[in-house]
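Working notes, beginning with the structure itself.
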Amino acid sequence: MRLYAFSAVCAIAALLVGSTLPWTITPMIIGLTYAIAALGLSVMFRAGQVSFGHAMYACISGYTVAFIAREVPGADALLLILAGVVVSFLCSTIIGLFVVRYRGIFFGMLNLALSMVLFALLGKLYHLTGGTDGLRINRPTLAGFTFDRGEYEFWLLGVTLAVSLFLAWWIQRYFKSGSGEALSAIKTNETRLEYLGFSAHFVMWQGYLVSAAVVAFSGALLALVQGLVTPEMGNWLRSAEYVFIIILGGAAHAAGAFLGAAGFESVKLLSSAYFPGLWQFILGFTLIVVIFIAPSGFVGQILKRGRS
Amino acid sequence: MTLDMLPLALIDGIAYASLLFLVSMGLTLIFGVMGILNVAHGSFYAFGGYAASSFVMMIAPHTESAALPLITLFLVAIAVGVLLGGIMEFLLIRRTQGYDPILKLLITFGAFLMLEDIQRLVWGAQPHSANEVVSRLGNLEIGGIYYTSYQLIVVPLTAILAYLLLQYFLRHTNLGKQTVAITHNREVAIAIGINAKKIGFVTFVIGTILGALGGAMAAPTTSLVPGAGTDMIVLSFAVVAIAGLGQITGALIAALLIGIARSISVYVAPEVEVAVPYIIMVLVLVIRPNGLFTVAQARTI
């Protein structure tokens, strides 16, 4: 209960900061989209699987938003988000069918390969996708209102915060549900899970769909705040950044993705402010240090303190 | 594609496959022995390439010989491999023993990010190349088409030699046999007195040399830009996954498959060229979930 209250306070604080300092809105939304994507990936992480290709679902969702916004000029932002998520989800139901047969490094690599196929095609099929320059998205209406730029961004922040809170609550419920517990049993011992009468493939498939849908939200929101989609959204390095955030935040609780994203963005901001040109170096160093010192991430540390 | 383009595509493909094989061989060797899928391997490729081009460009104005720049390539690859691989194994890799394979992979990903920035600091963002080597070795004519003898002979020959040397090392030397023992069963190998630490170090250095050699051999024909290592690492992941993790001979076949398929697609369907290796990888993994050449393993409960 305390956590719910705390999250709500954080969200309201973010809105207040956004209304007083408008320049913070875009970075906040982008940070939140990273957090949402990491939240999606943390579902797979629970099963002990790391995907290096989940950015493809953000990418599919983002491009869906861009395509629909181009073909149907009056489409509302909320509808665009929904459409992006639905299309991404449908893709994941099919891709998931065979990806969930793989574990460990092969799971990661297969997702990576699929996302690289998408990435390569988006960059090359110029007449459809605008190539590496990507596609522009004209500012749509938001919930029926036509806003100017500042208002639009502010309300988009509101939408993003609402989506974040909803998804975090949903994922946390999923973790505590029967399927969610079965999913984490894939990490501990898959054979025993099967002996209990569960189909490991089905449990994993469910988890895969949940994680893809959550990542899809992040892609659609990112597309809307940037007003632009590029193939870079689906690059494997983007997926690796999501993995980085989970390692930093921890996958034991949905809050980990948000803490991790906050940490990730701060490291990125601080190092580009004080050591420009070295931010990757510092990110890499942080990653190694975190794995060695706190392999369960921020959330793991907090839970450990809470117990003792 | 007309049929007379086929030999050209084949030669291109084989030269490309040779580079890919050199890099993947190092990657798969390290995985086989240490259980680490080393993302930083892409940086070894880039460092090898950049260092080779710097040294070749430094030496080229002082000599007329064609062999000297070529020898420089090899020497630089070995130096980079020993230095970079040695330091990284000593500082990082030996501390990851006992971690989950995924965490090991992420640790090397961290190292990869660090090396990317170091590479950018040292060599900047402008393209580097060592094309002097190719022009000095001249061209060869086969059936009315001119090929550079560098791509036709030197690169494939280097790859085959490296492969044979590695096989000789693993099968016929004492250290090599110990390495094979470790890949079969680490605990038993340690129990009978094999120094796993030493083997790990040697393997990692050899793997790094192979990665750097791939880069050094690529430097004369490609221009290196930041991100070259990133592209190479995902490609060699594809090769290694197609072959099955730890399969050296398999990697040779997989590299040829990808190299030739890719260069043919340059002529047939240029827009999907970049996606071809991954499409092959997905198809292979759908049919053979653990790669083409992996032997089945028993499930443990």
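A note on labels: chains of the structure tokens are A, B, ... as shown, every chain counts residues from 1, and ligands are counted from 1 in their shown order.
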Select, as a ChimeraX atom specification, those residues of chain B with any atom no more than 7 Å from chain A (distances computed using only C-alpha atoms). /B:102,107,110-111,113-114,117,271-272,274-275,278-279,282,301
Identify all residues of region 61-171 of chain A in strand (DSSP E or B) (DSSP on the backbone) and supply them as JSON, numbers by chain. {"A": [76, 135, 136, 141, 142, 145]}
Close residues, Tyr152 (chain A) itself excluded, 10 Å, only C-alpha atoms, min 3 positions apart in chain, as number ranges by chain: A: 139-142, 145-149, 155-158, 225
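Close contacts of Phe154 (chain A), defined as residues with an atom at most 8 Å away when counting only C-alpha atoms, with chain neighbours fewer than 6 positions off set aside, comprise Leu15, Gly18, Ser19, Pro22 and Ile25 of chain A.
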Who sits within 9 Å of Ile93 (chain B), only C-alpha atoms, same chain under 5 positions skipped, as a list of chain:residue names: B:Ile36, B:Met88, B:Lys104, B:Ile107, B:Thr108, B:Gly200, B:Phe201, B:Phe204
Rounded to one decimal place, report the CA of Met217 (chain B)-CA of Gly49 (chain B) distance in Å. 7.2 Å
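CA of Ile153 (chain B) sits 9.6 Å away from CA of Leu140 (chain B).
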Would you kindly return, as a PyMOL selection string, each protein, DNA or RNA residue with an atom no farther than 12 Å from any atom of Gly35 (chain B), considering only C-alpha atoms and excluding same-chain residues fewer than 6 positions away? (chain A and resi 105) or (chain B and resi 27-29+93-94+96-105+182-186+200+203-204+245-246)
Using only C-alpha atoms, determine which residues lie at most 10 Å from Ser164 (chain A), disregarding the query and same-chain residues fewer than 3 positions distant; provide the list as number ranges by chain. A: 7, 11, 32-33, 35-36, 39, 158-161, 167-170, 214, 217-218, 258
Those same residues - N, CA and C atoms - I'd like them written as a PDB file, in the first residue's frame.
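The file below, selection-v9.pdb, is the result:
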```
ATOM      1  N   SER A   7       4.183   5.694  -5.382  1.00  0.00           N
ATOM      2  CA  SER A   7       4.194   5.802  -6.845  1.00  0.00           C
ATOM      3  C   SER A   7       3.299   6.939  -7.303  1.00  0.00           C
ATOM      4  N   ALA A  11       4.299  10.275  -9.383  1.00  0.00           N
ATOM      5  CA  ALA A  11       3.674  10.654 -10.646  1.00  0.00           C
ATOM      6  C   ALA A  11       3.193  12.098 -10.582  1.00  0.00           C
ATOM      7  N   LEU A  32      10.712   7.492 -19.147  1.00  0.00           N
ATOM      8  CA  LEU A  32       9.618   6.580 -18.794  1.00  0.00           C
ATOM      9  C   LEU A  32       9.425   5.507 -19.853  1.00  0.00           C
ATOM     10  N   THR A  33       9.608   5.879 -21.139  1.00  0.00           N
ATOM     11  CA  THR A  33       9.451   4.848 -22.171  1.00  0.00           C
ATOM     12  C   THR A  33      10.527   3.779 -22.010  1.00  0.00           C
ATOM     13  N   ALA A  35      11.774   2.943 -19.155  1.00  0.00           N
ATOM     14  CA  ALA A  35      11.359   2.173 -17.988  1.00  0.00           C
ATOM     15  C   ALA A  35      10.283   1.162 -18.368  1.00  0.00           C
ATOM     16  N   ILE A  36       9.331   1.603 -19.196  1.00  0.00           N
ATOM     17  CA  ILE A  36       8.241   0.697 -19.587  1.00  0.00           C
ATOM     18  C   ILE A  36       8.812  -0.479 -20.379  1.00  0.00           C
ATOM     19  N   LEU A  39      10.451  -2.777 -18.141  1.00  0.00           N
ATOM     20  CA  LEU A  39       9.432  -3.510 -17.386  1.00  0.00           C
ATOM     21  C   LEU A  39       8.978  -4.729 -18.182  1.00  0.00           C
ATOM     22  N   GLY A 158       1.249  13.153 -18.990  1.00  0.00           N
ATOM     23  CA  GLY A 158       0.183  12.610 -18.153  1.00  0.00           C
ATOM     24  C   GLY A 158      -0.203  11.205 -18.589  1.00  0.00           C
ATOM     25  N   VAL A 159      -0.389  11.042 -19.908  1.00  0.00           N
ATOM     26  CA  VAL A 159      -0.758   9.725 -20.441  1.00  0.00           C
ATOM     27  C   VAL A 159       0.337   8.714 -20.120  1.00  0.00           C
ATOM     28  N   THR A 160       1.601   9.116 -20.348  1.00  0.00           N
ATOM     29  CA  THR A 160       2.712   8.191 -20.115  1.00  0.00           C
ATOM     30  C   THR A 160       2.766   7.758 -18.661  1.00  0.00           C
ATOM     31  N   LEU A 161       2.553   8.728 -17.739  1.00  0.00           N
ATOM     32  CA  LEU A 161       2.574   8.386 -16.320  1.00  0.00           C
ATOM     33  C   LEU A 161       1.447   7.424 -15.981  1.00  0.00           C
ATOM     34  N   LEU A 167       0.697  -0.227 -16.015  1.00  0.00           N
ATOM     35  CA  LEU A 167       1.482  -1.395 -16.416  1.00  0.00           C
ATOM     36  C   LEU A 167       2.249  -1.972 -15.233  1.00  0.00           C
ATOM     37  N   ALA A 168       2.798  -1.084 -14.384  1.00  0.00           N
ATOM     38  CA  ALA A 168       3.548  -1.567 -13.231  1.00  0.00           C
ATOM     39  C   ALA A 168       2.643  -2.376 -12.312  1.00  0.00           C
ATOM     40  N   TRP A 169       1.415  -1.841 -12.104  1.00  0.00           N
ATOM     41  CA  TRP A 169       0.441  -2.545 -11.258  1.00  0.00           C
ATOM     42  C   TRP A 169       0.083  -3.893 -11.873  1.00  0.00           C
ATOM     43  N   TRP A 170      -0.135  -3.877 -13.199  1.00  0.00           N
ATOM     44  CA  TRP A 170      -0.550  -5.086 -13.906  1.00  0.00           C
ATOM     45  C   TRP A 170       0.550  -6.152 -13.859  1.00  0.00           C
ATOM     46  N   VAL A 214       3.927  -4.969 -23.337  1.00  0.00           N
ATOM     47  CA  VAL A 214       4.396  -3.853 -22.513  1.00  0.00           C
ATOM     48  C   VAL A 214       5.443  -3.046 -23.276  1.00  0.00           C
ATOM     49  N   PHE A 217       3.904  -0.628 -25.756  1.00  0.00           N
ATOM     50  CA  PHE A 217       3.457   0.656 -25.211  1.00  0.00           C
ATOM     51  C   PHE A 217       4.598   1.668 -25.262  1.00  0.00           C
ATOM     52  N   SER A 218       5.767   1.211 -24.863  1.00  0.00           N
ATOM     53  CA  SER A 218       6.904   2.127 -24.828  1.00  0.00           C
ATOM     54  C   SER A 218       7.221   2.644 -26.225  1.00  0.00           C
ATOM     55  N   PHE A 258      11.660   1.000 -13.118  1.00  0.00           N
ATOM     56  CA  PHE A 258      11.623   2.461 -13.031  1.00  0.00           C
ATOM     57  C   PHE A 258      12.861   2.998 -12.315  1.00  0.00           C
TER      58      PHE A 258
END
```
Quote the spacing between CA of Gly13 (chain B) and CA of Ala261 (chain B) in Å to one decimal place. 7.4 Å
Residue with the minimum atom-to-atom distance to Val286 (chain B), picked from B:Leu256, B:Ile160, B:Ala241, B:Ile14 with only C-alpha atoms counted, is B:Ala241
With only C-alpha atoms as the atoms that count, which of B:Val284, B:Leu152, B:Leu257, B:Met34 lies nearest to Ala15 (chain B)? B:Leu152
